[in-house]
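What follows is a single structure, written as structure tokens, with notes after it.
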Amino acid sequence: MSGEFSDFKAFNESNPIKIAIFGVGLIGGSLALCFKGRPGVEVVGHSVNLASTEKYVARGVVDWATTSVAEAAKDADFLFLCVPVGRLEEYVDELSRLPLKPGCIITDVGSTKASVVHHAIKLSLQGAVFIGGHPMAGSERSGVEAASLHLLENAFYVLTPAEGTSESDVGKLEQLLKWTRAHIVKTDAVQHDDIVGAISHLPHMIAVALVNQIAGYNESNELYRRLAAGGFRDITRIASSDPMIWRDILLSNRDVMLKLVRDWQEEIDRFADLLEQEDGEGIAEQFRRAGQFRSQLPERRKGMITSIYECYVDVPDHPGIIGKIATELGQAKINLSNLQIIESREDVPGILRLSFQLSEDLDRATALLKSLQYDVHM
Ligand SMILES: NC(=O)C1=CN([C@@H]2O[C@H](COP(=O)(O)OP(=O)(O)OC[C@H]3O[C@@H](n4cnc5c(N)ncnc54)[C@H](O)[C@@H]3O)[C@@H](O)[C@H]2O)C=CC1
Ligand SMILES: O=C(O)C(=O)Cc1ccc(O)cc1
């Protein structure tokens, strides 16, 4: 039993627990990896698709997997619903018809909370308790292939217990989630959707609209795409997110999104007015206000949009350099999550973008590469 659980008697080898994960994709798979192999813990995965269940086991993400909801749910102590938002309510319905272990906790990881939490309140869950959850980290990637033990580390994990949920039940879930190393924040479901709509869902919509706008211009001139390699590519990363996952999120948060889009239109119209009036001071003021607020954002904390830590290394343009850097990092046991050659500057032979999931890895990599005389910048 690892240190962080020594004071929690409910989880130990003589009192084993079963955790069922429905939908072992990016988030379900990452949670499964946090739980699997802990003493006294059994992790079972569920998918509607047999080939997917075989893949979950073959990749070592779960102990076993099944296509039967009833089999996965039977005697489970914790049930994590990790399917797209549009499917969550069906799963809650199906579980409400099954004989679940009395006192078990059902939770979800959906990016919106009000609809699923209100749906669960309406049902009698036969002695089970529903607590909404949202791990606020992820990436534009999807599927179990993208799952990682470290995905949620240092991220916020929001829980939205309904009124009347006992402290002790919330406490049990919080204890279990310590294995993710995320920071728990509790709020109500409606407030969650307002805030997350603004800081995550709206930026995803803006990124998609921006990319589509530029793609339109590119149809008549290929140079748009070629020159968009640097900053544009970085700020629009989230436009590559899974279309079905995001269709569900935006529809589920529809009312909030409609208001946010109207507010966004007002902000953009303000810019258009300032340009029309050639109001330089007004434009500068917009940048000043934004810069002031942005400087108050938490520094380099793992958050919704920036869930990776990156640095850039200028490299001489010769074959083998990528392998050399990857080997140096590997020998120092620094976990590199991605390595990419980018060609955004004409004045240096090449730039490598190194991505890490932990800020400690970024710090160690930067120090190591600088000591090896590489030019490293953030
Ligand atoms: N992608 C992200 O960065 C984050 C996503 N979330 C939420 O996590 C949930 C899962 O998202 P991801 O793990 O990103 O997606 P994913 O596509 O990686 O995983 C989804 C899982 O659900 C299964 N699934 C898909 N359609 C299904 C259906 N119709 N019926 C049953 N199972 C189905 C898939 O087989 C897969 O195992 C979503 O509710 C999403 O809103 C929460 C935080 C971050
Ligand atoms: O890729 C990113 O940076 C994200 O924003 C990931 C993300 C997607 C959905 C969520 O509900 C939470 C986080």
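By order in the structure tokens, chains are A, B, ...; within a chain, residues start at 1; ligands start at 1, following the order shown.
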Sorted per-residue table, chain A near ligand 2, closest atoms and distance, 9 Å, only C-alpha atoms and all ligand atoms, as a Markdown table:
```
| residue | atom | partner | partner_atom_place_in_ligand_line | distance |
| --- | --- | --- | --- | --- |
| A:Val109 | CA | ligand 2 | 11 (O) | 8.1 |
| A:Gly110 | CA | ligand 2 | 11 (O) | 6.7 |
| A:Ser111 | CA | ligand 2 | 11 (O) | 3.9 |
| A:Thr112 | CA | ligand 2 | 11 (O) | 7.4 |
| A:His134 | CA | ligand 2 | 11 (O) | 6.8 |
| A:Pro135 | CA | ligand 2 | 12 (C) | 6.7 |
| A:Met136 | CA | ligand 2 | 12 (C) | 4.4 |
| A:Ala137 | CA | ligand 2 | 13 (C) | 4.2 |
| A:Gly138 | CA | ligand 2 | 6 (C) | 3.9 |
| A:Ser139 | CA | ligand 2 | 1 (O) | 3.2 |
| A:Glu140 | CA | ligand 2 | 1 (O) | 4.5 |
| A:Arg141 | CA | ligand 2 | 1 (O) | 7.6 |
| A:Val196 | CA | ligand 2 | 11 (O) | 7.8 |
| A:Ile199 | CA | ligand 2 | 5 (O) | 8.8 |
| A:Ser200 | CA | ligand 2 | 5 (O) | 5.8 |
| A:His201 | CA | ligand 2 | 9 (C) | 7.7 |
| A:Pro203 | CA | ligand 2 | 5 (O) | 8.4 |
| A:His204 | CA | ligand 2 | 5 (O) | 7.5 |
| A:Arg237 | CA | ligand 2 | 1 (O) | 7.4 |
| A:Ile238 | CA | ligand 2 | 1 (O) | 5.3 |
| A:Ala239 | CA | ligand 2 | 1 (O) | 9.0 |
| A:Ser240 | CA | ligand 2 | 1 (O) | 8.9 |
| A:Ser241 | CA | ligand 2 | 1 (O) | 7.3 |
| A:Ile245 | CA | ligand 2 | 9 (C) | 8.7 |
| A:Trp246 | CA | ligand 2 | 9 (C) | 8.2 |
| A:Ile249 | CA | ligand 2 | 11 (O) | 8.2 |
| A:Gly303 | CA | ligand 2 | 3 (O) | 7.3 |
| A:Met304 | CA | ligand 2 | 5 (O) | 4.3 |
| A:Ile305 | CA | ligand 2 | 3 (O) | 3.1 |
| A:Thr306 | CA | ligand 2 | 3 (O) | 4.8 |
| A:Ser307 | CA | ligand 2 | 3 (O) | 5.1 |
| A:Ile308 | CA | ligand 2 | 3 (O) | 7.7 |
```
Serialized selection, N, CA and C atoms, as a short mmCIF file (atom, residue, chain, number, x, y, z; two decimals), in the first residue's frame:
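Wrote again-v5.cif, looks like this:
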```cif
data_model
loop_
_atom_site.label_atom_id
_atom_site.label_comp_id
_atom_site.auth_asym_id
_atom_site.auth_seq_id
_atom_site.Cartn_x
_atom_site.Cartn_y
_atom_site.Cartn_z
N VAL A 109 -16.65 11.12 -16.16
CA VAL A 109 -15.54 12.05 -16.42
C VAL A 109 -15.93 13.06 -17.48
N GLY A 110 -17.23 13.17 -17.75
CA GLY A 110 -17.70 14.02 -18.85
C GLY A 110 -17.29 15.48 -18.68
N SER A 111 -17.08 16.15 -19.81
CA SER A 111 -16.64 17.55 -19.79
C SER A 111 -17.77 18.51 -19.45
N THR A 112 -19.00 18.03 -19.40
CA THR A 112 -20.10 18.86 -18.89
C THR A 112 -20.72 18.09 -17.73
N HIS A 134 -14.99 15.55 -13.29
CA HIS A 134 -14.38 16.02 -14.54
C HIS A 134 -12.89 16.25 -14.32
N PRO A 135 -12.08 15.31 -14.79
CA PRO A 135 -10.64 15.55 -14.72
C PRO A 135 -10.28 16.59 -15.78
N MET A 136 -9.75 17.73 -15.33
CA MET A 136 -9.58 18.83 -16.27
C MET A 136 -8.19 18.82 -16.91
N ALA A 137 -7.89 17.70 -17.52
CA ALA A 137 -6.66 17.61 -18.32
C ALA A 137 -6.96 16.64 -19.41
N GLY A 138 -6.23 16.72 -20.45
CA GLY A 138 -6.46 15.79 -21.56
C GLY A 138 -5.59 16.22 -22.70
N SER A 139 -6.03 15.89 -23.88
CA SER A 139 -5.27 16.36 -25.04
C SER A 139 -6.17 16.26 -26.25
N GLU A 140 -5.62 16.65 -27.40
CA GLU A 140 -6.39 16.57 -28.64
C GLU A 140 -6.40 15.13 -29.15
N ARG A 141 -5.65 14.24 -28.49
CA ARG A 141 -5.59 12.84 -28.94
C ARG A 141 -6.72 12.06 -28.29
N VAL A 196 -16.31 26.15 -17.21
CA VAL A 196 -15.58 25.30 -18.17
C VAL A 196 -16.00 25.63 -19.60
N ILE A 199 -13.71 28.65 -20.34
CA ILE A 199 -12.24 28.49 -20.43
C ILE A 199 -11.81 27.31 -21.29
N SER A 200 -12.73 26.43 -21.64
CA SER A 200 -12.32 25.27 -22.45
C SER A 200 -13.17 25.11 -23.71
N HIS A 201 -14.51 25.12 -23.54
CA HIS A 201 -15.34 24.83 -24.71
C HIS A 201 -15.29 25.98 -25.72
N PRO A 203 -12.79 28.24 -26.18
CA PRO A 203 -11.52 28.20 -26.93
C PRO A 203 -11.48 27.09 -27.99
N HIS A 204 -12.08 25.94 -27.72
CA HIS A 204 -12.11 24.89 -28.75
C HIS A 204 -12.89 25.37 -29.97
N ARG A 237 -3.83 23.98 -31.69
CA ARG A 237 -3.67 22.53 -31.47
C ARG A 237 -5.01 21.87 -31.15
N ILE A 238 -5.80 22.51 -30.31
CA ILE A 238 -7.03 21.87 -29.85
C ILE A 238 -8.09 21.76 -30.96
N ALA A 239 -7.85 22.42 -32.11
CA ALA A 239 -8.79 22.26 -33.23
C ALA A 239 -8.71 20.84 -33.80
N SER A 240 -7.68 20.08 -33.44
CA SER A 240 -7.56 18.69 -33.92
C SER A 240 -8.25 17.70 -32.98
N SER A 241 -9.04 18.18 -32.03
CA SER A 241 -9.70 17.28 -31.07
C SER A 241 -10.76 16.43 -31.76
N ILE A 245 -16.51 13.54 -29.82
CA ILE A 245 -16.43 13.93 -28.40
C ILE A 245 -16.89 15.39 -28.26
N TRP A 246 -16.43 16.25 -29.18
CA TRP A 246 -16.73 17.68 -29.06
C TRP A 246 -18.13 18.04 -29.51
N ILE A 249 -20.05 17.45 -26.37
CA ILE A 249 -19.78 18.43 -25.31
C ILE A 249 -20.53 19.74 -25.61
N GLY A 303 -3.16 22.72 -16.93
CA GLY A 303 -4.54 23.18 -16.97
C GLY A 303 -5.28 22.57 -18.12
N MET A 304 -6.43 23.15 -18.45
CA MET A 304 -7.26 22.55 -19.49
C MET A 304 -6.57 22.60 -20.85
N ILE A 305 -6.11 23.76 -21.21
CA ILE A 305 -5.60 23.88 -22.57
C ILE A 305 -4.12 23.52 -22.64
N THR A 306 -3.34 23.99 -21.65
CA THR A 306 -1.93 23.64 -21.71
C THR A 306 -1.68 22.45 -20.82
N SER A 307 -1.85 21.27 -21.37
CA SER A 307 -1.64 20.10 -20.54
C SER A 307 -0.29 19.47 -20.83
N ILE A 308 0.52 20.17 -21.62
CA ILE A 308 1.85 19.65 -21.89
C ILE A 308 2.87 20.75 -21.63
#
```
- Task: Please report, as a list in words, each residue of segment 109-330 of chain A to which DSSP assigns strand (DSSP E or B) when run on this structure's backbone.
- Result: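 Matching residues for strand (DSSP E or B) in segment 109-330 of chain A are Val129, Phe130, Ile131, Gly132, Gly133, His134, Pro135, Phe156, Tyr157, Val158, Leu159, Thr160, His183, Ile184, Val185, Lys186, Tyr309, Glu310, Cys311, Tyr312, Val313 and Asp314 of chain A.
Residue neighbourhood of Gln191 of chain A, excluding near-sequence residues (fewer than 5 positions): Lys113, Ala114, Thr160, Val196 and Gly197 of chain A, at 10 Å, using only C-alpha atoms.
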- Query: atom CA of Asp188 of chain A to atom CA of Leu159 of chain A: how many Å, to one decimal?
  - Reply: 8.0 Å
- Would you mind writing down, as number ranges by chain, each residue of segment 89-286 of chain A that DSSP on the backbone assigns to helix (DSSP H, G or I)? A: 89-96, 114-122, 144-146, 167-180, 189-218, 223-227, 231-235, 237-240, 243-252, 254-276, 280-286
- Message: Would you pick out the contacts of Asn212 of chain A at 12 Å or less, using only C-alpha atoms, so that residues sharing its chain but fewer than 5 positions from it are not included, and give the list as a PyMOL selection string?
- Response: chain A and resi 205-207+217-219+224-225+236+239-240
- Message: Please compute the atom CA of Gln213 of chain A-atom CA of Phe232 of chain A distance, one decimal, in Å.
- Response: 12.4 Å
